[in-house]
Amino acid sequence: MTNDILTLLGQHRSVRQFDGQPLSSSEVNTLVDAAQHAATSTFAQQYSIISITDPVIKHELGNISGHHWLEKSGHYFMMVADQHRNLQIATAAHANTDILHSFDKFLAGTFDAAIATEAIVTAGESLGLGSTIMGSILNHAQSVIDLLHLPSLTFPLLGIAIGHPAENPDLKPRLPQPLMHFDNQYALPTDFNQQLSGYDARVAEYYQHRNSHLKQIDFSQHMVQELSRDPKLRSELIQVISQQGFDVSAHEV
Ligand SMILES: Cc1cc2nc3c(=O)[nH]c(=O)nc-3n(C[C@H](O)[C@H](O)[C@H](O)COP(=O)(O)O)c2cc1C
C-alpha cells in the first residue's frame, strides 16, 4: 500500500546540515499552521511555539545543547508545554485553577507539544525542508527557561532546527515490527534473539556504509553505549518542572 504521504513518512531522516538560507515568513507560518491542526488533548491547545531568530539566543541554545550546527538552520522553533495561557483564561473567569498545576496537565502539554513537533517535521519534509528534533535543550532546562523568559506553568520540551538541507542522510533502519508491535498484550516474539541479530546486522551495515560519520556499531551495542551516559545528567529536571509550577511530587490524594 502506498501514497504520497506514506512515501514521505517512510523517507524521514533527521537533517543537521543546512544551506544557511533563512525560512521565509510564509514558510514559517505554514509550518505553525500545520502544527496547530494537530490533535490536542481536550482541545486545550496547551503548548506554545517560540521562533528563535535572535542569533545570540541561537548561539546560547547551541551552548546548552552542545549542537552548534543549529545556528546554521533556516529557522529554530522551541516547543513549549503551556498551561500559562489557559491559567489567564481560567483566572479571568474566577475558575478553580488547581488542575492546571497537576502532573496530568503537565503530561497533556507534553503530548500536545510533541505531536505538534512531528507535524512541523512532516510538513517541513513535504516542502523539501529537513529538520532535527532536539531534546538536548534539556541539558540545562533552567537556562532555556531563563533565556526565553518562560513564565510559570510552561516548560521547554523540544527544539526543532529546520531549514533547506545541505546533506542527504541515508535512511536509518527501524526495528522489525514483531519486536515492537504486539497483539492484545505485550509479547516479545520467541525468536527475539534471532530477529534482533538480523536487525543488529542491518544497523551495523547502515553505520558502515552511510554517507557520513561512519562507525562500527550495531543496535545492541548502540543501546549499551547509551547506558554509559552520566545518570546525573538532567537529574535536576523534576525540580525544574516543579519550580515551573507543576506538581510532580508523589503524594497521597
Ligand atoms: C525527542 C527527540 C529528541 C531528539 N534529540 C536530538 C538531539 O538533541 N540532537 C540530535 O542530533 N538529534 C536528536 N534527535 C534525533 C534522533 O537522534 C533521530 O531521530 C534518530 O537518531 C533517528 O534518526 P532519523 O531521525 O534520521 O531517522 C531527537 C529525536 C527525538 C524524537
# chains A, B, ... in the order shown; residues from 1 in each chain; ligands from 1
call {"tool": "residues_near_ligand", "arguments": {"ligand": "ligand 1", "cutoff": "6 Å", "atoms": "only C-alpha atoms and all ligand atoms", "output": "ChimeraX atom specification"}}
result
/A:12-14,132-136,172
call {"tool": "select_by_dssp", "arguments": {"residues": "stretch 32-142 of chain A", "states": "alpha helix (DSSP H)", "output": "ChimeraX atom specification"}}
result
/A:32-36,55-65,84-92,103-126,141-142
call {"tool": "closest_atom_pairs", "arguments": {"of": "stretch 33-147 of chain A", "to": "stretch 154-170 of chain A", "cutoff": "8 Å", "atoms": "only C-alpha atoms", "output": "CSV"}}
result
residue,atom,partner,partner_atom,distance
A:Leu70,CA,A:Ala161,CA,5.7
A:Ser73,CA,A:Gly163,CA,5.2
A:Gly74,CA,A:Gly163,CA,4.1
A:His75,CA,A:Ile162,CA,5.4
A:Tyr76,CA,A:Ala161,CA,4.8
A:Phe77,CA,A:Ile160,CA,5.0
A:Met78,CA,A:Gly159,CA,4.5
A:Met79,CA,A:Leu158,CA,5.3
A:Val80,CA,A:Pro156,CA,4.3
A:Ala81,CA,A:Phe155,CA,5.1
A:Asp82,CA,A:Thr154,CA,4.4
A:Gln83,CA,A:Thr154,CA,6.1
A:His84,CA,A:Thr154,CA,6.1
A:Thr110,CA,A:Leu157,CA,7.0
A:Ala113,CA,A:Leu157,CA,7.5
A:Ala114,CA,A:Leu158,CA,7.7
A:Thr117,CA,A:Ile160,CA,7.5
A:Val121,CA,A:Ile162,CA,8.0
A:Gly124,CA,A:Ile162,CA,7.7
A:Gly128,CA,A:His164,CA,7.2
A:Leu129,CA,A:His164,CA,5.0
A:Gly130,CA,A:Pro165,CA,5.3
A:Ser131,CA,A:Ile162,CA,4.1
A:Thr132,CA,A:Ala161,CA,5.4
A:Ile133,CA,A:Ile160,CA,4.6
A:Met134,CA,A:Gly159,CA,4.7
A:Gly135,CA,A:Leu158,CA,5.0
A:Ser136,CA,A:Leu158,CA,7.8
A:Ile137,CA,A:Leu158,CA,6.7
A:Leu138,CA,A:Leu157,CA,7.2
A:Ala141,CA,A:Pro156,CA,7.1
A:Val144,CA,A:Pro156,CA,7.2
A:Ile145,CA,A:Pro156,CA,7.0
call {"tool": "closest_residue", "arguments": {"among": "A:His209, A:Lys215, A:His37, A:Arg234", "to": "A:Ala119", "atoms": "only C-alpha atoms"}}
result
A:His37
call {"tool": "closest_residue", "arguments": {"among": "A:Gly10, A:Gly62, A:Gly109, A:Pro176", "to": "A:Ser41", "atoms": "only C-alpha atoms"}}
result
A:Gly109
call {"tool": "closest_residue", "arguments": {"among": "A:Ile57, A:Ile217, A:Leu188, A:Ala95", "to": "A:His149", "atoms": "only C-alpha atoms"}}
result
A:Ile57
call {"tool": "residues_around", "arguments": {"residues": "A:Ala35", "least_positions_apart": "2", "cutoff": "9 Å", "atoms": "only C-alpha atoms", "output": "CSV table (one decimal) with N, CA, C and O atoms, in the first residue's frame"}}
result
chain,number,residue,atom,x,y,z
A,30,THR,N,3.3,28.6,7.5
A,30,THR,CA,2.7,27.4,7.1
A,30,THR,C,3.0,26.2,8.0
A,30,THR,O,2.2,25.4,8.3
A,31,LEU,N,4.3,26.2,8.5
A,31,LEU,CA,4.7,25.2,9.5
A,31,LEU,C,3.9,25.3,10.8
A,31,LEU,O,3.4,24.3,11.4
A,32,VAL,N,3.7,26.5,11.3
A,32,VAL,CA,3.0,26.7,12.5
A,32,VAL,C,1.5,26.3,12.3
A,32,VAL,O,0.9,25.7,13.2
A,33,ASP,N,1.0,26.7,11.2
A,33,ASP,CA,-0.4,26.3,10.8
A,33,ASP,C,-0.6,24.8,10.9
A,33,ASP,O,-1.5,24.2,11.4
A,37,HIS,N,-3.0,22.4,13.5
A,37,HIS,CA,-4.1,21.5,13.1
A,37,HIS,C,-3.9,20.1,13.7
A,37,HIS,O,-4.7,19.2,13.5
A,38,ALA,N,-2.8,19.9,14.4
A,38,ALA,CA,-2.6,18.5,15.0
A,38,ALA,C,-3.6,18.4,16.1
A,38,ALA,O,-4.2,19.3,16.6
A,39,ALA,N,-3.9,17.1,16.5
A,39,ALA,CA,-4.8,16.8,17.6
A,39,ALA,C,-4.2,17.4,18.9
A,39,ALA,O,-3.0,17.5,19.0
A,113,ALA,N,2.6,19.3,22.7
A,113,ALA,CA,3.9,19.9,22.1
A,113,ALA,C,4.6,18.9,21.2
A,113,ALA,O,5.1,19.2,20.1
A,115,ILE,N,3.3,16.2,19.7
A,115,ILE,CA,2.5,15.9,18.4
A,115,ILE,C,2.6,17.0,17.4
A,115,ILE,O,2.8,16.8,16.2
A,116,ALA,N,2.6,18.3,18.0
A,116,ALA,CA,2.8,19.4,17.1
A,116,ALA,C,4.2,19.4,16.5
A,116,ALA,O,4.4,19.8,15.3
A,117,THR,N,5.1,19.0,17.2
A,117,THR,CA,6.5,18.9,16.7
A,117,THR,C,6.6,18.0,15.5
A,117,THR,O,7.2,18.4,14.5
A,118,GLU,N,6.0,16.8,15.6
A,118,GLU,CA,6.0,15.9,14.5
A,118,GLU,C,5.3,16.5,13.3
A,118,GLU,O,5.7,16.3,12.1
A,119,ALA,N,4.2,17.2,13.5
A,119,ALA,CA,3.5,17.9,12.4
A,119,ALA,C,4.4,18.8,11.7
A,119,ALA,O,4.4,18.9,10.5
A,120,ILE,N,5.2,19.6,12.5
A,120,ILE,CA,6.2,20.6,11.8
A,120,ILE,C,7.2,19.8,11.0
A,120,ILE,O,7.5,20.2,9.9
A,123,ALA,N,5.4,18.4,7.9
A,123,ALA,CA,5.1,19.4,7.0
A,123,ALA,C,6.3,20.0,6.3
A,123,ALA,O,6.3,20.3,5.1
call {"tool": "atom_distance", "arguments": {"atom1": "atom CA of A:Ala34", "atom2": "atom CA of A:Ser48"}}
result
13.4 Å
call {"tool": "atom_distance", "arguments": {"atom1": "atom CA of A:His101", "atom2": "atom CA of A:Gly245"}}
result
6.1 Å
call {"tool": "residues_around", "arguments": {"residues": "A:Gln142", "least_positions_apart": "5", "cutoff": "9 Å", "atoms": "only C-alpha atoms", "output": "ChimeraX atom specification"}}
result
/A:147,237,240
call {"tool": "closest_residue", "arguments": {"among": "A:Ala250, A:Leu153, A:Leu148, A:Ile64", "to": "A:Leu100", "atoms": "only C-alpha atoms"}}
result
A:Leu153
call {"tool": "select_by_dssp", "arguments": {"residues": "stretch 71-190 of chain A", "states": "strand (DSSP E or B)", "output": "list in words"}}
result
His75, Tyr76, Phe77, Met78, Met79, Val80, Ala81, Asp82, Gly130, Ser131, Thr132, Ile133, Met134, Thr154, Phe155, Pro156, Leu157, Leu158, Gly159, Ile160, Ala161, Ile162, Gly163 and Pro165 of chain A
call {"tool": "atom_distance", "arguments": {"atom1": "atom CA of A:Leu61", "atom2": "atom CA of A:Asp146"}}
result
11.6 Å
call {"tool": "decode", "arguments": {"residues": "stretch 127-250 of chain A", "atoms": "C-alpha atoms", "output": "mmCIF file, in the first residue's frame"}}
result
data_model
loop_
_atom_site.group_PDB
_atom_site.id
_atom_site.type_symbol
_atom_site.label_atom_id
_atom_site.label_comp_id
_atom_site.auth_asym_id
_atom_site.auth_seq_id
_atom_site.Cartn_x
_atom_site.Cartn_y
_atom_site.Cartn_z
ATOM 1 C CA LEU A 127 8.072 21.280 1.429
ATOM 2 C CA GLY A 128 11.570 19.871 0.818
ATOM 3 C CA LEU A 129 12.892 21.096 4.180
ATOM 4 C CA GLY A 130 14.946 18.981 6.570
ATOM 5 C CA SER A 131 14.957 19.143 10.355
ATOM 6 C CA THR A 132 16.141 17.659 13.608
ATOM 7 C CA ILE A 133 14.107 17.489 16.776
ATOM 8 C CA MET A 134 16.342 18.446 19.697
ATOM 9 C CA GLY A 135 15.825 17.084 23.199
ATOM 10 C CA SER A 136 19.336 18.214 24.094
ATOM 11 C CA ILE A 137 17.998 21.650 25.067
ATOM 12 C CA LEU A 138 17.034 19.871 28.295
ATOM 13 C CA ASN A 139 20.717 19.527 29.190
ATOM 14 C CA HIS A 140 20.133 22.834 31.017
ATOM 15 C CA ALA A 141 16.373 23.305 31.157
ATOM 16 C CA GLN A 142 16.605 26.169 33.646
ATOM 17 C CA SER A 143 18.932 28.084 31.318
ATOM 18 C CA VAL A 144 16.392 27.723 28.495
ATOM 19 C CA ILE A 145 13.627 28.925 30.817
ATOM 20 C CA ASP A 146 15.694 31.976 31.788
ATOM 21 C CA LEU A 147 16.846 32.666 28.233
ATOM 22 C CA LEU A 148 13.322 32.657 26.794
ATOM 23 C CA HIS A 149 11.621 34.240 29.837
ATOM 24 C CA LEU A 150 9.274 31.287 30.187
ATOM 25 C CA PRO A 151 6.615 32.019 32.831
ATOM 26 C CA SER A 152 5.202 29.613 35.414
ATOM 27 C CA LEU A 153 3.172 26.694 34.064
ATOM 28 C CA THR A 154 5.311 26.482 30.950
ATOM 29 C CA PHE A 155 8.163 24.111 30.210
ATOM 30 C CA PRO A 156 10.503 23.874 27.186
ATOM 31 C CA LEU A 157 10.352 20.383 25.733
ATOM 32 C CA LEU A 158 11.987 20.218 22.360
ATOM 33 C CA GLY A 159 13.754 22.414 19.859
ATOM 34 C CA ILE A 160 13.368 21.953 16.114
ATOM 35 C CA ALA A 161 16.216 23.009 13.842
ATOM 36 C CA ILE A 162 14.753 23.222 10.346
ATOM 37 C CA GLY A 163 15.919 24.521 7.014
ATOM 38 C CA HIS A 164 16.996 23.798 3.470
ATOM 39 C CA PRO A 165 19.101 20.622 3.652
ATOM 40 C CA ALA A 166 22.796 20.662 2.787
ATOM 41 C CA GLU A 167 23.053 16.899 3.294
ATOM 42 C CA ASN A 168 21.102 13.851 2.232
ATOM 43 C CA PRO A 169 21.469 11.301 5.033
ATOM 44 C CA ASP A 170 20.731 7.632 4.458
ATOM 45 C CA LEU A 171 17.599 6.111 5.960
ATOM 46 C CA LYS A 172 18.189 4.662 9.424
ATOM 47 C CA PRO A 173 16.695 1.164 9.583
ATOM 48 C CA ARG A 174 13.999 0.700 12.219
ATOM 49 C CA LEU A 175 13.235 -2.359 14.373
ATOM 50 C CA PRO A 176 11.439 -5.290 12.716
ATOM 51 C CA GLN A 177 7.741 -4.885 13.529
ATOM 52 C CA PRO A 178 7.471 -8.167 15.526
ATOM 53 C CA LEU A 179 9.887 -6.625 18.069
ATOM 54 C CA MET A 180 7.698 -3.568 18.656
ATOM 55 C CA HIS A 181 4.119 -4.292 17.533
ATOM 56 C CA PHE A 182 2.135 -6.867 19.506
ATOM 57 C CA ASP A 183 -1.432 -8.173 19.517
ATOM 58 C CA ASN A 184 -3.568 -7.543 22.590
ATOM 59 C CA GLN A 185 -0.774 -7.945 25.115
ATOM 60 C CA TYR A 186 2.906 -7.192 25.428
ATOM 61 C CA ALA A 187 4.702 -10.188 23.965
ATOM 62 C CA LEU A 188 8.220 -10.215 22.595
ATOM 63 C CA PRO A 189 8.489 -12.982 19.978
ATOM 64 C CA THR A 190 10.048 -16.344 20.906
ATOM 65 C CA ASP A 191 12.677 -15.798 18.208
ATOM 66 C CA PHE A 192 13.572 -12.425 19.738
ATOM 67 C CA ASN A 193 17.329 -13.088 19.709
ATOM 68 C CA GLN A 194 17.333 -14.205 16.092
ATOM 69 C CA GLN A 195 15.285 -11.201 14.952
ATOM 70 C CA LEU A 196 17.493 -8.864 16.983
ATOM 71 C CA SER A 197 20.656 -10.333 15.394
ATOM 72 C CA GLY A 198 19.178 -9.693 11.961
ATOM 73 C CA TYR A 199 18.383 -6.113 12.926
ATOM 74 C CA ASP A 200 21.830 -5.644 14.504
ATOM 75 C CA ALA A 201 23.364 -6.712 11.196
ATOM 76 C CA ARG A 202 21.226 -4.203 9.269
ATOM 77 C CA VAL A 203 22.123 -1.353 11.641
ATOM 78 C CA ALA A 204 25.831 -2.284 11.524
ATOM 79 C CA GLU A 205 25.642 -2.258 7.731
ATOM 80 C CA TYR A 206 23.948 1.171 7.832
ATOM 81 C CA TYR A 207 26.648 2.654 10.098
ATOM 82 C CA GLN A 208 29.454 1.145 7.996
ATOM 83 C CA HIS A 209 28.127 2.472 4.704
ATOM 84 C CA ARG A 210 26.141 5.643 5.404
ATOM 85 C CA ASN A 211 27.402 8.773 3.722
ATOM 86 C CA SER A 212 28.929 10.423 6.822
ATOM 87 C CA HIS A 213 30.222 9.649 10.348
ATOM 88 C CA LEU A 214 30.973 6.004 9.612
ATOM 89 C CA LYS A 215 31.318 3.767 12.661
ATOM 90 C CA GLN A 216 31.443 0.110 13.686
ATOM 91 C CA ILE A 217 28.418 -0.403 15.881
ATOM 92 C CA ASP A 218 25.162 -2.345 15.810
ATOM 93 C CA PHE A 219 21.868 -1.562 17.536
ATOM 94 C CA SER A 220 22.509 -3.632 20.671
ATOM 95 C CA GLN A 221 25.932 -2.018 21.073
ATOM 96 C CA HIS A 222 24.350 1.394 20.492
ATOM 97 C CA MET A 223 21.858 0.745 23.300
ATOM 98 C CA VAL A 224 24.637 -0.344 25.659
ATOM 99 C CA GLN A 225 26.685 2.726 24.716
ATOM 100 C CA GLU A 226 23.695 4.924 25.568
ATOM 101 C CA LEU A 227 23.744 3.433 29.089
ATOM 102 C CA SER A 228 27.173 4.910 29.684
ATOM 103 C CA ARG A 229 25.707 8.431 29.825
ATOM 104 C CA ASP A 230 26.072 10.095 33.201
ATOM 105 C CA PRO A 231 22.913 9.128 35.173
ATOM 106 C CA LYS A 232 23.155 12.512 36.922
ATOM 107 C CA LEU A 233 22.724 14.309 33.579
ATOM 108 C CA ARG A 234 19.364 16.097 33.771
ATOM 109 C CA SER A 235 18.679 14.722 37.267
ATOM 110 C CA GLU A 236 17.545 18.242 38.217
ATOM 111 C CA LEU A 237 14.705 18.123 35.657
ATOM 112 C CA ILE A 238 11.997 17.089 38.112
ATOM 113 C CA GLN A 239 12.938 20.019 40.349
ATOM 114 C CA VAL A 240 12.893 22.472 37.451
ATOM 115 C CA ILE A 241 9.484 21.199 36.339
ATOM 116 C CA SER A 242 8.239 21.629 39.911
ATOM 117 C CA GLN A 243 9.674 25.183 40.096
ATOM 118 C CA GLN A 244 7.682 25.992 36.964
ATOM 119 C CA GLY A 245 4.540 25.311 38.996
ATOM 120 C CA PHE A 246 3.715 21.726 38.037
ATOM 121 C CA ASP A 247 3.004 19.274 40.854
ATOM 122 C CA VAL A 248 5.282 16.350 40.076
ATOM 123 C CA SER A 249 5.676 15.135 43.646
ATOM 124 C CA ALA A 250 4.435 11.700 44.686
#
